[in-house]
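Visitor: Sending over a structure as structure tokens; questions will come in a sec.
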2 protein chains.
Amino acid sequence: MYRTNNCGELNLSNVGQEVTLAGWVQKARKMGGMVFIDLRDRFGITQLVFEEDTNAELCEKASKVGREYVLQVKGIVNERTNKNKNIPTGDIEIIVSELNILNASEVPPFTIEDETDGGDDLRMKYRYLDLRRAKVRKNLELRHQMAFETRRYLNDNGFLEIETPVLIGSTPEGARDFVVPSRMNPGEFYALPQSPQTFKQLLMVSGMDRYFQIVKCFRDEDLRADRQPEFTQIDCEMSFVEQEDVIQMFEGLSKHLFKTIKGIDLADMPRMTWHDAMKYYGSDKPDTRFDMKFVELMDVLKGCGFSVFDSAEYIGGICAKGAATYTRKQIDALTDFVKRPQIGAKGMVYARIEADGNVKSSVDKFYTQEKLQELKSAMNAEPGDLILILSGDNANKTRKQLCELRLEVARQLGLMKTNEYSCLWVVDFPLLEWDDETQRFYAMHHPFTAPKPEDIPLLDTDPGKVRANAYDMVINGVEVGGGSIRIHDSKLQQKMFEILGFTPEKANEQFGFLMNAFKYGAPPHGGLAYGLDRYVSLFAELDSIRDCIAFPKNNAGRDVMMGSPSRLDQAQLDELQIKLDLKE
Amino acid sequence: MYRTNNCGELNLSNVGQEVTLAGWVQKARKMGGMVFIDLRDRFGITQLVFEEDTNAELCEKASKVGREYVLQVKGIVNERTNKNKNIPTGDIEIIVSELNILNASEVPPFTIEDETDGGDDLRMKYRYLDLRRAKVRKNLELRHQMAFETRRYLNDNGFLEIETPVLIGSTPEGARDFVVPSRMNPGEFYALPQSPQTFKQLLMVSGMDRYFQIVKCFRDEDLRADRQPEFTQIDCEMSFVEQEDVIQMFEGLSKHLFKTIKGIDLADMPRMTWHDAMKYYGSDKPDTRFDMKFVELMDVLKGCGFSVFDSAEYIGGICAKGAATYTRKQIDALTDFVKRPQIGAKGMVYARIEADGNVKSSVDKFYTQEKLQELKSAMNAEPGDLILILSGDNANKTRKQLCELRLEVARQLGLMKTNEYSCLWVVDFPLLEWDDETQRFYAMHHPFTAPKPEDIPLLDTDPGKVRANAYDMVINGVEVGGGSIRIHDSKLQQKMFEILGFTPEKANEQFGFLMNAFKYGAPPHGGLAYGLDRYVSLFAELDSIRDCIAFPKNNAGRDVMMGSPSRLDQAQLDELQIKLDLKE
């Protein structure tokens with residue numbers, strides 16, 4: 001071993017001991033016949049001291065090392081006169097007697113500090129240096145801890161981690177698969193799994209009872225800001241359970257993680273129906289760190305001569321507490337925000353509650369003060385508040401716009417605290433979604449999701465009303481995990497396929513493999529999957545999942561450090577019996 | 001929850017309790033007005049009793065369920081009169097009052113028993129049913145436990161599990177990569193990693209200090225009996241360590257696994273140099289569960305007129321204890337064994353030690369009894385032993401043949417006990433291997449493996465003699481893991497590339513990515529990787545790794561259950577901008 005101790009553990013109790021440390025030069029400085037070096041490793045930083053008086057040669061050698069050199073030093077732990085209260089080792093320093101330069105370093109292309117001068121692209125190209133920054137390293141440490149504690153909890157609860165294959169068959173449904181040509185079976189391809197869904201259901205059929213896996217999944221999508229072509233799921237499935245059992249088990253996992261990782265005693269998570277989530281937040285993943293629920297204003301504001309509202313199918317408002325101080329400019333900016341094509345509102349109406357309780361709105365000429373007082377009371381608004389109102393001819397569309405507005409206002413008002421956590425379950429999702437264009441129902445989750453038993457009769461009469469035994473765990477407006485109870489009754493499954501417009505042949509072609517297994521005694525089962533990357537980012541208070549991934553890809557799916565993907569040799573293509581067919 | 005208890009936990013202490021169980025029908029039988037059903041789940045088997053006298057209707061219903069039906073029953077725990085001592089629940093039975101058939105089952109294509117009537121192909125096609133057999137399920141439980149305990153040990157020792165990418169760049173060296181066409185970067189491909197070797201070295205450069213990962217790796221090889229296109233490694237790397245540190249750490253992991261999983265207190269592992277392993281066992285992974293070391297017999301047997309030995313470059317023997325009783329037929333079969341083309345020996349000489357101490361050999365006419373007594377003494381043979389001798393014109397080739405003979409004899413003599421474990425480290429591997437055909441040296445491990453410091457001068461004078469800081473963990477003749485200390489000094493690395501015949505340009509093209517990182521302060525580091533599949537098979541006493549993998553592929557790389565790999569739609573190929581180029 002090149003060291004007796006790491007750079008983060010020595011303190012006053014070690015004074016007088018001879019120690020050997022190894023690490024990187026964080027910084028080096030000369031001061032009055034002495035050289036000071038901050039030596040860094042994963043565990044911390046320790047100050048090294050070289051004294052010219054005692055050993056001029058050594059001091060000379062030390063004065064020549066540069067940033068990020070790798071050193072091994074031997075010396076005596078000494079109490080510092082000038083203590084640094086900011087770091088755990090700040091009470092001591094090492095009076096060095098031996099210095100061994102293990103490796104030199106070129107000057108790094110950016111500073112290895114929390115606040116670095118390196119831009120995004122540069123840091124990605126030199127990711128191995130970026131990872132030296134404590135800020136980034138800590139995310140990986142957190143990720144390790146979360147994965148480890150997840151495994152500990154699930155192991156303690158009788159779950160088996162079972163590896164499912166990465167080279168599988170391609171499925172035509174869902175997002176695009178990445179595919180892998182098979183050299184041994186020319187003309188045929190494997191696919192990389194988008195999730196182990198079918199395998200985990202097969203494992204339930206095989207009697208494994210409780211399965212989990214922390215597993216890489218793959219999706220060949222056009223990448224958005226916070227997507228990666230490969231991502232990691234905590235994938236779980238249980239047999240002989242009902243929705244409540246799954247919810248209890250995984251609420252328990254969240255409590256375990258919050259407790260062991262963040263020291264937070266999480267309260268029981270509230271449940272919200274999908275219907276209420278849409279009604280009050282315009283989203284199936286409401287951010288409940290702050291209130292600002294939607295209030296429907298059709299009764300209050302319709303029919304007073306303001307044609308925009310009079311013709312609307314939906315009018316809804318939010319009350320921004322204390323935001324009556326918003327300037328005209330700020331309000332105009334909000335109007336511009338909701339009118340952006342990504343959001344698509346036609347306009348925004350606002351009403352300020354003044355100190356005296358009077359309401360002043362942008363549509364004053366259409367509404368009496370009395371009517372506006374009615375609005376104020378409907379919105380539960382108080383002096384100093386700002387009411388913001390959107391309307392439109394499609395309720396759900398307008399709610400989504402209002403959702404964006406609510407989030408933007410919360411952001412501006414500092415209500416989105418990253419170190420506060422508001423968790424809930426969204427339940428009672430609709431089983432089916434009607435698509436006007438193709439004039440058919442689609443499964444909201446997937447075709448194996450079970451309807452609520454009490455809603456099964458509705459499958460014949462009003463399928464759109466059927467609620468699913470499906471549930472999402474939402475934290476701070478992020479869908480951290482989701483799942484459902486699966487159908488285990490083959491007759492019910494057949495009915496689902498019918499409703500979804502599958503012919504028996506097509507159902508067999510696409511799902512025959514699982515349907516076959518279900519003939520041999522499928523137990524009732526259900527499960528859930530978490531997105532580990534998102535869960536970690538939430539714990540790490542990150543804006544993007546990228547910084548909790550050791551070697552992420554950029555938005556073009558490229559690893560700029562490795563230079564992948566890349567061209568193949570012709571010989572490789574020949575062996576695979578494929579050729580390029582590039583469009584101009 | 002569909003149950004109050006599982007099928008493996010009820011015993012006399014539960015008598016009188018009302019319980020609900022759920023599981024599969026293992027078997028059902030009628031007997032004098034009663035129906036008995038063995039109900040099975042992952043945890044065990046519990047006997048259900050239905051009494052005609054008490055509830056004729058229920059009994060009638062129970063008599064109609066078939067094998068592998070999924071049942072839920074409610075009933076009272078009762079002490080059995082006829083106890084079954086073979087199972088933990090054998091003292092009790094459930095007097096059933098309610099029966100709920102959760103799912104029916106078609107008659108399974110083979111019996112769900114440890115000794116099944118299902119052939120290999122059939123069981124693979126219905127793998128989800130095969131996994132219901134306790135024998136197979138236990139392997140997956142063991143695998144989970146081993147992975148979990150590995151993580152616990154490494155976590156306790158400060159290792160971080162860090163996920164490295166699955167979609168990486170293709171490397172021209174080594175085995176064939178599986179490749180993945182990139183739709184977003186037409187004409188370019190990702191590769192699937194054969195191991196995370198470069199990434200783990202980068203993580204050391206990035207200061208992660210101690211890394212591990214239990215990770216899928218991929219190799220597009222023509223599959224042999226015990227290979228899978230995807231396999232799982234326990235991949236580890238440490239910074240600021242020497243060989244001894246790595247060996248101690250991972251010997252500790254093995255001790256932890258043997259203790260926690262098998263209750264075995266493992267002794268310190270002996271070390272054997274590669275040179276001794278080759279000399280005494282003809283293999284770099286000697287099976288040391290039994291002795292039967294090679295004895296070189298050149299001094300003893302050469303020059304006595306037996307031309308085969310007289311012209312040999314190597315003569316070596318093994319002493320099979322107590323095998324003098326081997327019949328002529330058995331010995332002929334051994335001769336045929338070593339003459340098979342896969343082994344390639346020209347013949348075999350044997351010598352029996354008779355009860356009176358006389359030696360009777362197949363080449364008696366060339367050797368005096370005195371000479372044969374000399375042989376006996378060299379071989380340390382006793383009355384009742386059988387000496388088997390091979391010779392050849394290439395020492396290493398002959399040793400490999402003798403190795404196969406040794407293993408075959410041990411198999412026949414019952415010396416390969418699967419429940420006994422003999423572990424050792426093979427160390428001091430040669431750094432380089434000379435290849436006559438291409439007239440150059442090749443790295444025995446990989447080009448980043450560090451030579452022993454004391455052997456570095458030999459790099460200039462006699463590279464073939466240089467020993468590497470490389471080590472393999474061998475258990476029962478299986479290489480369970482292996483690794484090395486890596487070169488962290490760029491000058492030494494350059495020298496290695498020169499010796500391996502790389503031009504600076506070629507070295508840069510192939511390894512520039514890692515070499516670049518090494519410019520910025522690479523710490524001394526080294527590591528090791530275990531093959532998890534093999535490690536589990538060893539613990540599970542399996543012949544093949546296949547039965548410790550949930551969904552393995554067959555020798556053609558096919559998953560017969562899923563039917564993968566398979567053809568793609570033309571649309572998918574078009575989108576990827578590739579086309580098939582099938583040879584006739």
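Quick note on naming: the chains in the structure tokens go A, B, ... in the order shown, residues restart at 1 in each chain, and ligands are numbered from 1 in order of appearance.
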Please run DSSP on the backbone and report, as a PyMOL selection string, all residues within stretch 104-237 of chain B that come out as helix (DSSP H, G or I).
Guide: chain B and resi 120-125+127-130+134-156+197-205
Visitor: Within 9 Å of A:Met562, counting only C-alpha atoms, which residues qualify if same-chain residues fewer than 4 places away don't, as a PDB file with all heavy atoms, in the first residue's frame?
Guide:
```pdb
ATOM      1  N   LYS A 125     -15.254  16.215 -22.599  1.00  0.00           N
ATOM      2  CA  LYS A 125     -14.135  15.618 -23.334  1.00  0.00           C
ATOM      3  C   LYS A 125     -13.101  15.066 -22.354  1.00  0.00           C
ATOM      4  O   LYS A 125     -12.492  14.035 -22.590  1.00  0.00           O
ATOM      5  CB  LYS A 125     -13.514  16.676 -24.250  1.00  0.00           C
ATOM      6  CG  LYS A 125     -12.387  16.168 -25.122  1.00  0.00           C
ATOM      7  CD  LYS A 125     -12.171  17.130 -26.291  1.00  0.00           C
ATOM      8  CE  LYS A 125     -10.781  17.010 -26.919  1.00  0.00           C
ATOM      9  NZ  LYS A 125     -10.424  15.670 -27.337  1.00  0.00           N
ATOM     10  N   ARG A 558     -23.517  11.042 -28.468  1.00  0.00           N
ATOM     11  CA  ARG A 558     -22.080  10.811 -28.633  1.00  0.00           C
ATOM     12  C   ARG A 558     -21.362  10.866 -27.294  1.00  0.00           C
ATOM     13  O   ARG A 558     -21.707  11.645 -26.417  1.00  0.00           O
ATOM     14  CB  ARG A 558     -21.456  11.870 -29.544  1.00  0.00           C
ATOM     15  CG  ARG A 558     -22.035  11.950 -30.937  1.00  0.00           C
ATOM     16  CD  ARG A 558     -21.072  12.662 -31.876  1.00  0.00           C
ATOM     17  NE  ARG A 558     -19.931  11.828 -32.135  1.00  0.00           N
ATOM     18  CZ  ARG A 558     -19.880  10.927 -33.111  1.00  0.00           C
ATOM     19  NH1 ARG A 558     -20.886  10.781 -33.935  1.00  0.00           N
ATOM     20  NH2 ARG A 558     -18.810  10.190 -33.261  1.00  0.00           N
TER      21      ARG A 558
ATOM     22  N   ILE B 168     -20.431   1.749 -26.150  1.00  0.00           N
ATOM     23  CA  ILE B 168     -19.108   2.364 -26.138  1.00  0.00           C
ATOM     24  C   ILE B 168     -18.514   2.345 -27.548  1.00  0.00           C
ATOM     25  O   ILE B 168     -19.215   2.051 -28.513  1.00  0.00           O
ATOM     26  CB  ILE B 168     -18.170   1.643 -25.141  1.00  0.00           C
ATOM     27  CG1 ILE B 168     -17.860   0.217 -25.608  1.00  0.00           C
ATOM     28  CG2 ILE B 168     -18.784   1.599 -23.755  1.00  0.00           C
ATOM     29  CD1 ILE B 168     -16.706  -0.428 -24.856  1.00  0.00           C
ATOM     30  N   GLY B 169     -17.232   2.657 -27.669  1.00  0.00           N
ATOM     31  CA  GLY B 169     -16.564   2.618 -28.966  1.00  0.00           C
ATOM     32  C   GLY B 169     -15.996   1.233 -29.222  1.00  0.00           C
ATOM     33  O   GLY B 169     -15.630   0.527 -28.293  1.00  0.00           O
ATOM     34  N   PHE B 513      -6.781   7.352 -26.316  1.00  0.00           N
ATOM     35  CA  PHE B 513      -7.834   7.764 -25.427  1.00  0.00           C
ATOM     36  C   PHE B 513      -7.438   7.555 -23.946  1.00  0.00           C
ATOM     37  O   PHE B 513      -7.536   8.466 -23.110  1.00  0.00           O
ATOM     38  CB  PHE B 513      -9.017   6.940 -25.915  1.00  0.00           C
ATOM     39  CG  PHE B 513     -10.049   6.521 -24.975  1.00  0.00           C
ATOM     40  CD1 PHE B 513     -10.871   7.458 -24.402  1.00  0.00           C
ATOM     41  CD2 PHE B 513     -10.218   5.196 -24.697  1.00  0.00           C
ATOM     42  CE1 PHE B 513     -11.871   7.061 -23.564  1.00  0.00           C
ATOM     43  CE2 PHE B 513     -11.219   4.799 -23.869  1.00  0.00           C
ATOM     44  CZ  PHE B 513     -12.038   5.720 -23.302  1.00  0.00           C
ATOM     45  N   LEU B 514      -6.852   6.405 -23.665  1.00  0.00           N
ATOM     46  CA  LEU B 514      -6.410   6.139 -22.295  1.00  0.00           C
ATOM     47  C   LEU B 514      -5.062   6.827 -22.034  1.00  0.00           C
ATOM     48  O   LEU B 514      -4.840   7.393 -20.962  1.00  0.00           O
ATOM     49  CB  LEU B 514      -6.299   4.629 -22.084  1.00  0.00           C
ATOM     50  CG  LEU B 514      -6.056   4.135 -20.657  1.00  0.00           C
ATOM     51  CD1 LEU B 514      -7.166   4.577 -19.721  1.00  0.00           C
ATOM     52  CD2 LEU B 514      -5.951   2.611 -20.649  1.00  0.00           C
TER      53      LEU B 514
END
```
Visitor: Tell me which protein, DNA and RNA residues are within 7 Å of A:Cys236, counting only C-alpha atoms, leaving out same-chain ones fewer than 6 positions away, and put them as an MDAnalysis selection string.
Guide: chainID A and resid 211:213 527:529
Visitor: Which of stretch 309-519 of chain A end up as strand (DSSP E or B) when DSSP is run on this backbone - answer as a PyMOL selection string?
Guide: chain A and resi 314-320+349-353+359-361+386-392+423-427+430+432-435+440-443+449+451+467-468+470-475+478-486
Visitor: Rank nothing, just name the residue among A:Leu424, A:Gly482, A:Ile315, A:Gln194 nearest to A:Leu266, using only C-alpha atoms.
Guide: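 Among the listed residues, A:Leu424 lies closest to A:Leu266.
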Visitor: Using only C-alpha atoms for the distances, tell me which of A:Phe290, A:Trp434, A:Phe240, A:Tyr367 is nearest to B:Gly23.
Guide: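 Nearest candidate to B:Gly23 out of A:Phe290, A:Trp434, A:Phe240, A:Tyr367: A:Phe240.
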Visitor: Could you please determine the separation between atom CA of B:Glu237 and atom CA of A:Pro229 in Å, to one decimal place?
Guide: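 Taking atom CA of B:Glu237 and atom CA of A:Pro229, their separation equals 26.4 Å.
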Visitor: Give me, as a PyMOL selection string, all polymer residues having an atom no more than 10 Å from B:Arg152, counting only C-alpha atoms and skipping those fewer than 6 positions away in the same chain.
Guide: (chain A and resi 148+151-152) or (chain B and resi 146+159+253+256)
Visitor: Write out as a list in words each polymer residue whose atoms come within 7 Å of B:Phe366, counting only C-alpha atoms; drop sequence neighbours fewer than 4 positions from it.
Guide: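 Listed by chain and then number, they are Cys304, Gly305 and Phe306 of chain B.
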Visitor: Please, could you write that set of residues out with N, CA and C atoms as an mmCIF file, in the first residue's frame?
Guide:
```cif
data_model
loop_
_atom_site.group_PDB
_atom_site.id
_atom_site.type_symbol
_atom_site.label_atom_id
_atom_site.label_comp_id
_atom_site.auth_asym_id
_atom_site.auth_seq_id
_atom_site.Cartn_x
_atom_site.Cartn_y
_atom_site.Cartn_z
ATOM 1 N N CYS B 304 17.985 -45.591 -22.128
ATOM 2 C CA CYS B 304 17.976 -47.024 -21.810
ATOM 3 C C CYS B 304 17.562 -47.838 -23.018
ATOM 4 N N GLY B 305 17.516 -47.221 -24.176
ATOM 5 C CA GLY B 305 17.232 -47.977 -25.376
ATOM 6 C C GLY B 305 15.781 -47.900 -25.844
ATOM 7 N N PHE B 306 14.911 -47.300 -25.035
ATOM 8 C CA PHE B 306 13.523 -47.126 -25.473
ATOM 9 C C PHE B 306 13.471 -45.839 -26.296
#
```
Visitor: For atom CA of A:Pro565 and atom CA of B:Phe189, quote the distance in Å rounded to one decimal.
Guide: 4.9 Å
Visitor: Using only C-alpha atoms, pick whichever of A:Ile37, A:Leu492, A:Leu582, A:Met298 has the shortest atom-to-atom distance to chain B.
Guide: A:Leu582
Visitor: Which residues are close to stretch 456-465 of chain A, i.e. within 12 Å by only C-alpha atoms, leaving aside same-chain residues fewer than 4 positions away? Reply as JSON, numbers by chain.
Guide: {"A": [275, 428, 429, 430, 431, 432, 433, 434, 435, 440, 441, 442, 443, 444, 450, 451, 452, 469, 487, 492, 493, 495, 496, 497, 498, 499, 500]}
Visitor: Let me make sure I understand: among B:Asp332, B:Asp291, B:Glu221, B:Asp543, which one has the smallest atom-to-atom distance to chain A if we use only C-alpha atoms?
Guide: B:Glu221
Visitor: Between A:Gly357, A:Gly481, A:Gly75, A:Gly33, which has the minimum distance to A:Asn14 (counting only C-alpha atoms)?
Guide: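 Result for the nearest residue to A:Asn14: A:Gly75.
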Visitor: Which one is closest to B:Val107: B:Gln26, B:Thr449, B:Gln197, B:Thr260? Count only C-alpha atoms.
Guide: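 That would be B:Gln26, the residue with the smallest distance to B:Val107.
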Visitor: Mind checking which residues fall within 8 Å of A:Glu313, counting only C-alpha atoms, ignoring those fewer than 3 positions away in the same chain, and posting them as JSON, numbers by chain?
Guide: {"A": [391, 392, 393, 394, 395]}
Visitor: List every residue of stretch 206-316 of chain B that has an atom at most 9 Å from any atom of stretch 396-405 of chain B, giving for each one its closest atom pair and the distance in Å to one decimal, counting only C-alpha atoms, sorted by chain and then by ascending residue number, as CSV.
Guide:
```
residue,atom,partner,partner_atom,distance
B:Met278,CA,B:Arg399,CA,7.3
B:Lys279,CA,B:Arg399,CA,7.5
B:Tyr280,CA,B:Arg399,CA,8.5
B:Tyr281,CA,B:Cys403,CA,5.8
B:Gly282,CA,B:Arg399,CA,4.5
B:Ser283,CA,B:Lys400,CA,6.6
B:Pro286,CA,B:Cys403,CA,8.6
B:Phe294,CA,B:Leu402,CA,8.0
B:Tyr314,CA,B:Thr398,CA,7.1
B:Ile315,CA,B:Thr398,CA,8.0
B:Gly316,CA,B:Arg399,CA,7.6
```
Visitor: Go ahead and save the residues from that selection, with N, CA and C atoms, as a CSV table (one decimal), in the first residue's frame.
Guide:
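The result, written out as out.csv:
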```csv
chain,number,residue,atom,x,y,z
B,278,MET,N,2.9,-24.7,-14.2
B,278,MET,CA,3.1,-25.3,-15.5
B,278,MET,C,3.9,-26.6,-15.3
B,279,LYS,N,4.9,-26.5,-14.4
B,279,LYS,CA,5.9,-27.6,-14.2
B,279,LYS,C,5.2,-28.8,-13.5
B,280,TYR,N,4.4,-28.5,-12.5
B,280,TYR,CA,3.8,-29.6,-11.7
B,280,TYR,C,2.4,-30.0,-12.1
B,281,TYR,N,1.7,-29.1,-12.9
B,281,TYR,CA,0.3,-29.4,-13.3
B,281,TYR,C,0.1,-29.2,-14.7
B,282,GLY,N,1.0,-28.6,-15.5
B,282,GLY,CA,0.8,-28.4,-16.9
B,282,GLY,C,-0.3,-27.5,-17.2
B,283,SER,N,-0.6,-26.6,-16.3
B,283,SER,CA,-1.8,-25.7,-16.4
B,283,SER,C,-1.6,-24.5,-15.6
B,286,PRO,N,-4.3,-24.9,-12.0
B,286,PRO,CA,-4.2,-26.3,-11.5
B,286,PRO,C,-5.4,-26.6,-10.6
B,294,PHE,N,3.1,-33.6,-11.3
B,294,PHE,CA,4.0,-34.2,-12.3
B,294,PHE,C,5.4,-34.4,-11.7
B,314,TYR,N,10.9,-34.2,-23.3
B,314,TYR,CA,10.3,-34.1,-22.0
B,314,TYR,C,9.6,-35.5,-21.7
B,315,ILE,N,9.9,-36.0,-20.5
B,315,ILE,CA,9.2,-37.2,-20.0
B,315,ILE,C,8.7,-36.9,-18.6
B,316,GLY,N,7.4,-37.1,-18.4
B,316,GLY,CA,6.8,-36.8,-17.1
B,316,GLY,C,5.8,-37.8,-16.8
```
